[in-house]
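Text of target-v3.txt (compact mmCIF, C-alpha atoms) as supplied:
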# COMPACT_ATOMS: atom_id res chain seq x y z
CA MET A 1 -15.15 11.26 23.94
CA LEU A 2 -17.90 9.37 22.14
CA THR A 3 -19.79 7.42 24.80
CA LYS A 4 -23.41 6.31 25.05
CA LYS A 5 -24.06 8.51 28.07
CA SER A 6 -22.07 11.59 27.11
CA PRO A 7 -24.32 14.51 26.12
CA LYS A 8 -21.36 16.32 24.58
CA LEU A 9 -20.72 15.86 20.89
CA PRO A 10 -17.17 14.95 19.98
CA VAL A 11 -15.65 17.98 18.23
CA TYR A 12 -11.90 18.24 17.86
CA GLY A 13 -9.06 20.32 16.48
CA ILE A 14 -9.77 23.09 14.01
CA TYR A 15 -13.56 22.68 14.32
CA LEU A 16 -13.24 24.17 17.82
CA GLY A 17 -12.11 27.53 16.42
CA THR A 18 -14.37 30.26 15.07
CA PRO A 19 -15.37 29.51 11.47
CA THR A 20 -13.86 31.96 9.00
CA ARG A 21 -16.11 34.60 7.45
CA LYS A 22 -13.75 35.10 4.56
CA LYS A 23 -15.03 34.39 1.09
CA PRO A 24 -13.02 31.68 -0.62
CA LEU A 25 -11.08 32.45 -3.79
CA SER A 26 -12.27 29.15 -5.15
CA ARG A 27 -14.66 26.48 -3.99
CA VAL A 28 -15.41 22.98 -5.21
CA ASP A 29 -18.04 20.69 -3.71
CA TYR A 30 -18.22 17.16 -5.00
CA THR A 31 -20.52 14.33 -3.93
CA PHE A 32 -20.60 10.67 -4.90
CA ILE A 33 -21.80 7.32 -3.61
CA PRO A 34 -19.21 4.89 -2.23
CA ILE A 35 -20.35 1.93 -4.34
CA ASP A 36 -18.87 3.52 -7.48
CA TYR A 37 -15.50 3.77 -5.77
CA ILE A 38 -15.68 0.30 -4.21
CA ALA A 39 -16.39 -1.11 -7.68
CA HIS A 40 -13.48 0.79 -9.24
CA TRP A 41 -10.98 1.71 -6.54
CA SER A 42 -8.85 3.80 -8.90
CA ARG A 43 -11.69 6.35 -8.96
CA CYS A 44 -10.28 7.62 -5.63
CA GLY A 45 -7.02 8.46 -7.38
CA ILE A 46 -8.71 9.89 -10.47
CA THR A 47 -10.85 12.19 -8.31
CA ALA A 48 -7.89 13.20 -6.14
CA ASP A 49 -5.78 14.01 -9.20
CA TYR A 50 -8.54 16.12 -10.74
CA LEU A 51 -9.26 18.11 -7.57
CA ALA A 52 -5.53 18.60 -6.92
CA GLU A 53 -4.85 19.80 -10.43
CA TYR A 54 -7.80 22.20 -10.19
CA GLN A 55 -6.20 23.83 -7.13
CA ALA A 56 -2.62 23.67 -8.37
CA PHE A 57 -3.28 26.38 -11.01
CA ASN A 58 -2.79 28.96 -8.26
CA PHE A 59 0.81 27.95 -7.58
CA GLU A 60 4.18 28.46 -9.22
CA LYS A 61 5.42 24.93 -8.51
CA ARG A 62 2.34 23.34 -9.99
CA ASP A 63 3.59 19.76 -10.26
CA ARG A 64 4.85 19.70 -6.70
CA VAL A 65 1.64 21.19 -5.29
CA LYS A 66 -0.47 18.84 -7.40
CA ASN A 67 1.43 15.84 -6.05
CA ILE A 68 1.01 17.01 -2.43
CA LEU A 69 -2.68 17.86 -2.76
CA SER A 70 -3.44 14.66 -4.64
CA THR A 71 -1.69 12.64 -1.91
CA ILE A 72 -3.76 14.37 0.78
CA ILE A 73 -7.10 14.23 -1.05
CA ASN A 74 -6.61 10.59 -2.03
CA GLU A 75 -6.05 9.56 1.60
CA LEU A 76 -9.18 11.43 2.67
CA LEU A 77 -11.28 9.89 -0.11
CA GLU A 78 -9.98 6.37 0.52
CA ASN A 79 -10.80 6.68 4.23
CA ALA A 80 -14.28 8.07 3.56
CA VAL A 81 -15.06 5.22 1.15
CA LYS A 82 -13.55 2.45 3.31
CA PHE A 83 -15.35 3.55 6.44
CA SER A 84 -18.78 4.30 4.99
CA ALA A 85 -21.58 2.21 6.46
CA ASP A 86 -23.92 2.47 3.50
CA ALA A 87 -22.55 2.01 -0.01
CA TYR A 88 -25.36 4.22 -1.36
CA LYS A 89 -25.15 7.08 1.18
CA GLU A 90 -23.45 10.12 -0.30
CA ILE A 91 -19.92 11.09 0.57
CA SER A 92 -19.02 14.72 0.08
CA ILE A 93 -15.71 16.46 -0.30
CA SER A 94 -15.37 20.24 -0.30
CA ILE A 95 -12.23 22.17 -1.12
CA TYR A 96 -12.06 25.87 -0.28
CA ASN A 97 -9.10 28.03 -1.19
CA TYR A 98 -8.82 31.07 1.11
CA ALA A 99 -5.55 32.37 -0.44
CA ASP A 100 -3.45 31.74 2.67
CA THR A 101 -4.93 28.31 3.36
CA ILE A 102 -6.63 25.45 1.53
CA SER A 103 -9.31 23.66 3.49
CA ILE A 104 -10.44 20.16 2.53
CA GLN A 105 -13.44 18.60 4.26
CA THR A 106 -14.98 15.15 3.82
CA ILE A 107 -18.29 13.95 5.24
CA ASN A 108 -19.27 10.29 5.34
CA SER A 109 -21.48 8.20 7.59
CA THR A 110 -20.38 5.18 9.53
CA TYR A 111 -21.39 2.61 12.16
CA ARG A 112 -21.09 3.23 15.88
CA ARG A 113 -18.10 0.92 16.32
CA GLN A 114 -16.17 2.65 13.57
CA ALA A 115 -17.16 6.08 14.91
CA GLU A 116 -15.80 5.13 18.34
CA HIS A 117 -12.58 3.88 16.82
CA PHE A 118 -12.22 7.07 14.77
CA ASP A 119 -12.89 9.16 17.88
CA GLY A 120 -9.96 7.56 19.72
CA TYR A 121 -7.73 7.73 16.65
CA VAL A 122 -8.29 11.46 16.15
CA GLN A 123 -7.61 12.24 19.79
CA LYS A 124 -4.32 10.33 19.60
CA LEU A 125 -3.42 12.15 16.42
CA LEU A 126 -4.02 15.53 18.06
CA ASP A 127 -2.24 14.67 21.30
CA GLU A 128 0.78 12.65 20.25
CA ASP A 129 3.88 13.15 18.15
CA PRO A 130 2.89 12.05 14.60
CA GLU A 131 6.35 10.63 13.91
CA GLU A 132 6.13 8.34 16.95
CA LEU A 133 2.54 7.42 16.13
CA PHE A 134 3.60 6.53 12.58
CA ILE A 135 6.29 4.10 13.83
CA GLU A 136 3.92 2.69 16.46
CA ASN A 137 1.27 1.92 13.84
CA ILE A 138 3.78 0.40 11.43
CA MET A 139 4.90 -2.01 14.14
CA LYS A 140 1.25 -2.87 14.90
CA ASN A 141 0.57 -3.48 11.19
CA ALA A 142 3.64 -5.71 10.94
CA GLU A 143 2.32 -7.93 13.74
CA ASN A 144 -1.23 -8.04 12.54
CA GLU A 145 -2.35 -7.71 8.93
CA LYS A 146 -5.27 -5.26 8.72
CA SER A 147 -7.57 -4.11 5.98
CA ALA A 148 -6.48 -0.52 6.63
CA SER A 149 -2.99 0.72 7.46
CA GLN A 150 -4.09 3.44 9.94
CA LEU A 151 -1.26 5.56 8.56
CA GLY A 152 -3.03 7.88 6.11
CA LEU A 153 -4.12 10.68 8.41
CA ILE A 154 -0.87 10.47 10.37
CA THR A 155 1.16 11.08 7.20
CA LEU A 156 -0.91 14.19 6.43
CA VAL A 157 0.09 15.72 9.76
CA LYS A 158 3.64 14.33 9.76
CA ASP A 159 4.62 15.14 6.16
CA PHE A 160 2.49 18.13 5.18
CA ASN A 161 2.01 20.00 8.49
CA ALA A 162 -1.75 19.65 8.02
CA LYS A 163 -3.97 21.08 10.73
CA ILE A 164 -6.83 18.70 11.34
CA GLY A 165 -10.27 18.67 12.91
CA ALA A 166 -13.09 16.18 13.34
CA LYS A 167 -16.76 16.17 14.31
CA ILE A 168 -18.88 13.10 14.93
CA ILE A 169 -22.61 13.76 14.66
CA PRO A 170 -25.05 10.99 15.57
CA ASP A 171 -27.93 10.26 13.19
CA LEU A 172 -30.15 8.60 15.76
CA GLU A 173 -32.91 7.67 13.34
CA ARG A 174 -30.55 5.68 11.13
CA ARG A 175 -28.27 4.57 13.97
CA LEU A 176 -25.32 5.91 12.06
CA TYR A 177 -22.74 8.64 12.71
CA ASP A 178 -21.77 11.39 10.31
CA ILE A 179 -18.02 11.87 10.33
CA TYR A 180 -16.76 15.33 9.42
CA PHE A 181 -13.04 15.51 8.86
CA LYS A 182 -11.20 18.66 7.86
CA VAL A 183 -7.61 19.30 6.84
CA VAL A 184 -6.15 22.78 6.49
CA ILE A 185 -2.91 23.39 4.60
CA ASP A 186 -0.87 26.58 4.68
CA THR A 187 -0.58 27.72 1.06
CA ASN A 188 2.51 29.85 1.73
CA ALA A 189 4.40 26.79 2.92
CA ILE A 190 3.05 24.13 0.56
CA GLU A 191 5.54 24.77 -2.26
CA GLU A 192 8.44 24.31 0.14
CA LEU A 193 7.15 21.11 1.74
CA MET B 1 10.48 -10.88 -12.28
CA ILE B 2 7.94 -8.32 -13.46
CA ASN B 3 4.58 -7.52 -11.95
CA GLU B 4 2.80 -5.02 -14.12
CA THR B 5 -0.63 -3.41 -14.49
CA GLU B 6 -1.72 -0.35 -16.44
CA ASP B 7 -1.01 1.77 -13.32
CA TYR B 8 2.30 0.41 -12.01
CA LYS B 9 5.29 -1.82 -12.64
CA VAL B 10 7.39 -3.72 -10.09
CA ILE B 11 10.57 -5.29 -11.47
CA VAL B 12 13.19 -7.35 -9.64
CA ASP B 13 16.27 -7.86 -11.79
CA GLU B 14 17.62 -11.33 -12.53
CA ASP B 15 20.41 -11.40 -9.95
CA GLY B 16 18.00 -10.07 -7.30
CA SER B 17 20.13 -7.08 -6.31
CA GLU B 18 17.95 -4.31 -7.71
CA ALA B 19 14.22 -3.61 -7.78
CA PHE B 20 12.23 -0.87 -9.50
CA ILE B 21 8.79 0.33 -8.47
CA SER B 22 7.21 2.81 -10.86
CA GLY B 23 3.87 4.37 -11.79
CA ILE B 24 1.00 4.91 -9.38
CA MET B 25 0.30 2.48 -6.53
CA ARG B 26 -2.93 3.22 -4.71
CA LEU B 27 -4.22 -0.26 -3.97
CA GLN B 28 -7.20 -0.88 -1.73
CA SER B 29 -5.51 -2.40 1.35
CA PRO B 30 -2.11 -3.52 2.66
CA SER B 31 -2.95 -7.10 1.67
CA ALA B 32 -3.48 -5.98 -1.96
CA TYR B 33 0.26 -5.20 -2.07
CA GLU B 34 1.30 -8.76 -1.25
CA LYS B 35 1.33 -9.93 -4.85
CA PRO B 36 3.09 -6.95 -6.45
CA PHE B 37 5.72 -6.84 -3.65
CA GLU B 38 6.16 -10.64 -3.50
CA GLY B 39 9.26 -10.60 -5.72
CA ILE B 40 10.98 -8.01 -3.52
CA ILE B 41 10.07 -9.84 -0.30
CA ASN B 42 11.38 -13.14 -1.74
CA THR B 43 14.61 -11.67 -3.01
CA LEU B 44 15.46 -10.48 0.52
CA ASP B 45 15.88 -14.13 1.52
CA LYS B 46 18.56 -14.58 -1.11
CA CYS B 47 20.56 -11.35 -1.19
CA GLU B 48 22.95 -9.42 1.00
CA ASN B 49 22.42 -6.07 -0.72
CA LEU B 50 19.30 -4.68 -2.32
CA LEU B 51 18.68 -1.37 -4.05
CA ILE B 52 15.05 -0.38 -4.52
CA ASN B 53 14.50 2.44 -7.00
CA ILE B 54 11.25 4.38 -6.51
CA GLU B 55 12.23 7.50 -8.48
CA GLU B 56 9.45 6.92 -11.01
CA LEU B 57 6.78 6.09 -8.44
CA ALA B 58 4.49 9.14 -8.47
CA PHE B 59 2.15 7.97 -5.72
CA LEU B 60 2.08 5.33 -2.99
CA ASN B 61 -0.92 5.40 -0.66
CA SER B 62 -0.81 4.66 3.06
CA SER B 63 -1.55 0.95 2.49
CA GLY B 64 1.50 0.90 0.23
CA ILE B 65 3.63 2.74 2.79
CA SER B 66 2.67 0.09 5.32
CA SER B 67 3.73 -2.59 2.82
CA LEU B 68 7.00 -0.83 2.01
CA ALA B 69 7.64 -0.73 5.77
CA ARG B 70 7.27 -4.53 5.83
CA ILE B 71 10.06 -4.76 3.26
CA VAL B 72 12.26 -2.50 5.41
CA LEU B 73 11.49 -4.55 8.52
CA LYS B 74 12.31 -7.80 6.73
CA ALA B 75 15.61 -6.33 5.49
CA ARG B 76 16.39 -5.37 9.10
CA GLN B 77 15.49 -8.84 10.33
CA LEU B 78 17.77 -10.51 7.74
CA ASN B 79 20.45 -7.84 8.03
CA VAL B 80 20.26 -7.08 4.31
CA SER B 81 21.99 -3.87 3.32
CA LEU B 82 19.13 -1.83 1.85
CA ILE B 83 19.32 1.29 -0.29
CA ILE B 84 16.20 3.10 -1.49
CA LYS B 85 16.64 5.60 -4.29
CA CYS B 86 14.08 8.41 -4.45
CA LYS B 87 13.46 11.69 -6.23
CA GLN B 88 13.47 15.08 -4.57
CA GLU B 89 10.71 16.39 -6.88
CA ILE B 90 8.19 13.90 -5.48
CA PRO B 91 7.51 15.30 -2.01
CA TRP B 92 6.13 12.22 -0.21
CA GLN B 93 9.12 10.04 -1.10
CA GLU B 94 11.89 11.50 1.04
CA LYS B 95 9.51 12.26 3.90
CA THR B 96 8.28 8.68 3.99
CA LEU B 97 11.75 7.18 3.69
CA THR B 98 13.15 9.42 6.44
CA SER B 99 10.48 8.04 8.75
CA LEU B 100 11.08 4.45 7.62
CA ALA B 101 14.80 4.86 8.32
CA LYS B 102 13.84 5.12 12.00
CA LEU B 103 12.81 1.46 11.75
CA TYR B 104 16.14 0.44 10.26
CA PRO B 105 18.90 2.99 10.88
CA SER B 106 21.24 1.41 8.31
CA LEU B 107 18.68 2.00 5.53
CA GLU B 108 20.42 4.28 3.04
CA ILE B 109 18.32 6.87 1.24
CA GLN B 110 19.71 8.17 -2.04
CA THR B 111 17.94 11.28 -3.33
CA SER B 112 18.33 12.43 -6.91

Now that the file is in, can you turn its structure into structure tokens?
Amino acid sequence: MLTKKSPKLPVYGIYLGTPTRKKPLSRVDYTFIPIDYIAHWSRCGITADYLAEYQAFNFEKRDRVKNILSTIINELLENAVKFSADAYKEISISIYNYADTISIQTINSTYRRQAEHFDGYVQKLLDEDPEELFIENIMKNAENEKSASQLGLITLVKDFNAKIGAKIIPDLERRLYDIYFKVVIDTNAIEEL
Amino acid sequence: MINETEDYKVIVDEDGSEAFISGIMRLQSPSAYEKPFEGIINTLDKCENLLINIEELAFLNSSGISSLARIVLKARQLNVSLIIKCKQEIPWQEKTLTSLAKLYPSLEIQTS
């Protein structure tokens, strides 16, 4: 839990496990500044399509895998851009292919209020049934128009069996919080999703 | 009624019984979908049956899913018989619609 007094950093899900020592088969690290994506929103989709296509070469059902990976990467990019505090502070996305899994991590920095909200959201996502959470959020959205649907990360877990993890690291000097979010997809199952 | 950009096309046919959504819809927020989905929302007030064809819609982001859910909820509210036609090759489509059917059990999903 992210509270002012808590000395413990919020770390959840797959970040709690031991990091793999395996060398990835492929690795892409990409950084950008949010302002470019705010100015031209379709850059999220363009980037997601490129990164998905890059990975899809390893699969037999290339089109299907590209569509799934692009859907996942686009949601992660859109979230990172929407919830960045500083339009000029870099966002990074890293995609590692370990043969049996593909790991996608985004890092962006956000305000305290947003970090607290994200903290609660991730805990709910890890603890509750994603199908029920999806319906619950749709009903909330129907009552109250919001700038964000709060559905993106839920759909990754619900539709693509994504394993997720999050870390929230305070940057005390800048009074911001670095949000690490990671999604891991099983490559053996992805073509059958 | 046609709402078209270089990325997507939303068409509601003249008698208001069929709508087509095609292309790529990854708009910035749920409110950004109001205009493109306006024709579908309005036709629900006037029809008893509506078929929405999304077979050629490659991508719909979570803001769009939230907006599609609004259409489903309005159909439920007005008791409009709603069919959504999707494509098996596009993985997110059937998964999303199966979840949306929980909002409106009489929503019929046709998969090609």

Please produce, as a Markdown table, a per-residue contact table for chain B versus chain A (criterion: any atom at most 12 Å away, all atoms listed in the file considered), showing the nearest atom pair and its distance in Å to one decimal, sorted by chain then residue number.
| residue | atom | partner | partner_atom | distance |
| --- | --- | --- | --- | --- |
| B:Glu6 | CA | A:Ser42 | CA | 11.2 |
| B:Asp7 | CA | A:Ser42 | CA | 9.2 |
| B:Ile24 | CA | A:Gly45 | CA | 9.0 |
| B:Met25 | CA | A:Gly45 | CA | 9.5 |
| B:Arg26 | CA | A:Gly45 | CA | 7.2 |
| B:Leu27 | CA | A:Trp41 | CA | 7.5 |
| B:Gln28 | CA | A:Trp41 | CA | 6.6 |
| B:Ser29 | CA | A:Ser147 | CA | 5.3 |
| B:Pro30 | CA | A:Ser147 | CA | 6.4 |
| B:Ser31 | CA | A:Ser147 | CA | 7.0 |
| B:Ala32 | CA | A:Ser147 | CA | 9.1 |
| B:Tyr33 | CA | A:Ser147 | CA | 11.3 |
| B:Glu34 | CA | A:Glu145 | CA | 10.9 |
| B:Leu57 | CA | A:Asn67 | CA | 11.4 |
| B:Ala58 | CA | A:Asn67 | CA | 7.8 |
| B:Phe59 | CA | A:Thr71 | CA | 7.1 |
| B:Leu60 | CA | A:Thr71 | CA | 8.3 |
| B:Asn61 | CA | A:Glu75 | CA | 7.0 |
| B:Ser62 | CA | A:Gly152 | CA | 5.0 |
| B:Ser63 | CA | A:Ser149 | CA | 5.2 |
| B:Gly64 | CA | A:Ser149 | CA | 8.5 |
| B:Ile65 | CA | A:Leu151 | CA | 8.1 |
| B:Ser66 | CA | A:Ser149 | CA | 6.1 |
| B:Ser67 | CA | A:Ala142 | CA | 8.7 |
| B:Leu68 | CA | A:Ile138 | CA | 10.0 |
| B:Ala69 | CA | A:Ile138 | CA | 6.9 |
| B:Arg70 | CA | A:Ala142 | CA | 6.4 |
| B:Ile71 | CA | A:Ala142 | CA | 10.1 |
| B:Val72 | CA | A:Ala142 | CA | 10.7 |
| B:Leu73 | CA | A:Ala142 | CA | 8.3 |
| B:Lys74 | CA | A:Ala142 | CA | 9.9 |
| B:Lys87 | CA | A:Arg64 | CA | 11.8 |
| B:Gln88 | CA | A:Arg64 | CA | 10.0 |
| B:Glu89 | CA | A:Arg64 | CA | 6.7 |
| B:Ile90 | CA | A:Arg64 | CA | 6.8 |
| B:Pro91 | CA | A:Ile68 | CA | 6.7 |
| B:Trp92 | CA | A:Asp159 | CA | 7.2 |
| B:Gln93 | CA | A:Asp159 | CA | 9.9 |
| B:Glu94 | CA | A:Asp159 | CA | 9.6 |
| B:Lys95 | CA | A:Asp159 | CA | 6.1 |
| B:Thr96 | CA | A:Asp159 | CA | 7.7 |
| B:Leu97 | CA | A:Asp159 | CA | 11.0 |
| B:Thr98 | CA | A:Glu131 | CA | 10.2 |
| B:Ser99 | CA | A:Glu131 | CA | 7.1 |
| B:Leu100 | CA | A:Ile135 | CA | 7.9 |
| B:Ala101 | CA | A:Ile135 | CA | 10.2 |
| B:Lys102 | CA | A:Ile135 | CA | 7.8 |
| B:Leu103 | CA | A:Ile135 | CA | 7.3 |
| B:Tyr104 | CA | A:Ile135 | CA | 11.1 |

Please define a box with edges along x, y and z of the file around all atoms of range 44-58 of chain B given in the file, extend it by 4 Å on each side, and return its centre and edge lengths in Å to one decimal, as JSON.
{"center_x": 13.7, "center_y": -2.7, "center_z": -4.7, "size_x": 26.5, "size_y": 31.7, "size_z": 20.5}

Checklist entry - Could you pull the residues within 10 Å of Glu4 in chain B, counting all atoms listed in the file, minus those fewer than 5 positions along the same chain, as a PyMOL selection string? => result chain B and resi 9-11+21-23+36

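Taking CA of Ile84 in chain B and CA of Glu38 in chain B as the two end points, the separation is 17.1 Å.
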
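Nearest-residue note for His117 in chain A: choosing from A:Ile179, A:Ile164, A:Leu25, A:Leu133, the minimum distance belongs to A:Ile179, counting only C-alpha atoms.
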
Item to check | Pairwise distance for CA of Gly13 in chain A and CA of Tyr37 in chain A, rounded to one decimal in Å | outcome: 28.5 Å

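Across the structure, CA of Ser103 in chain A and CA of Gln55 in chain A are spaced 11.1 Å apart.
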
Next on the checklist: So that I can check the surroundings of Lys182 in chain A, please list as a ChimeraX atom specification every protein, DNA and RNA residue that reaches within 9 Å of it, counting only C-alpha atoms and ignoring chain neighbours fewer than 5 positions away.
Outcome noted: /A:14-15,103-107,163-167

Checklist outcome for this item: Shortest contact to Ile91 in chain A, candidates A:Ala39, A:Ile33, A:Leu69, A:Ala115, atoms counted only C-alpha atoms, goes to A:Ile33

Next on the checklist: Here is a test: counting only C-alpha atoms, which residue of A:Pro130, A:Thr20, A:Gln114, A:Asp100 is nearest to Asn79 in chain A?
Outcome noted: A:Gln114

Checklist entry - In terms of the shortest atom-to-atom distance over all atoms listed in the file, which of A:Ser84, A:Gln123, A:Asn144, A:Ser92 is closest to Tyr12 in chain A? => result A:Gln123

Checklist entry - Within 8 Å of Glu90 in chain A, counting all atoms listed in the file, which residues qualify if same-chain residues fewer than 4 places away don't, as number ranges by chain? => result A: 31-34, 108

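Checking A:Gly120, A:Asn97, A:Ser109, A:Ile46 one by one against Asn58 in chain A, counting all atoms listed in the file, you find the shortest gap at A:Asn97.
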
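Closest to Leu44 in chain B among B:Tyr8, B:Thr111, B:Ala19, B:Cys86 is B:Ala19, based on only C-alpha atoms.
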
Neighbour list for Asp15 in chain B as a PDB file with C-alpha atoms, keeping the file's coordinate frame, cut-off 10 Å, all atoms listed in the file, skip fewer than 5 positions in-chain:
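Written output follows (part15.pdb):
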ATOM      1  CA  THR B  43      14.610 -11.670  -3.010  1.00  0.00           C
ATOM      2  CA  LYS B  46      18.560 -14.580  -1.110  1.00  0.00           C
ATOM      3  CA  CYS B  47      20.560 -11.350  -1.190  1.00  0.00           C
TER       4      CYS B  47
END
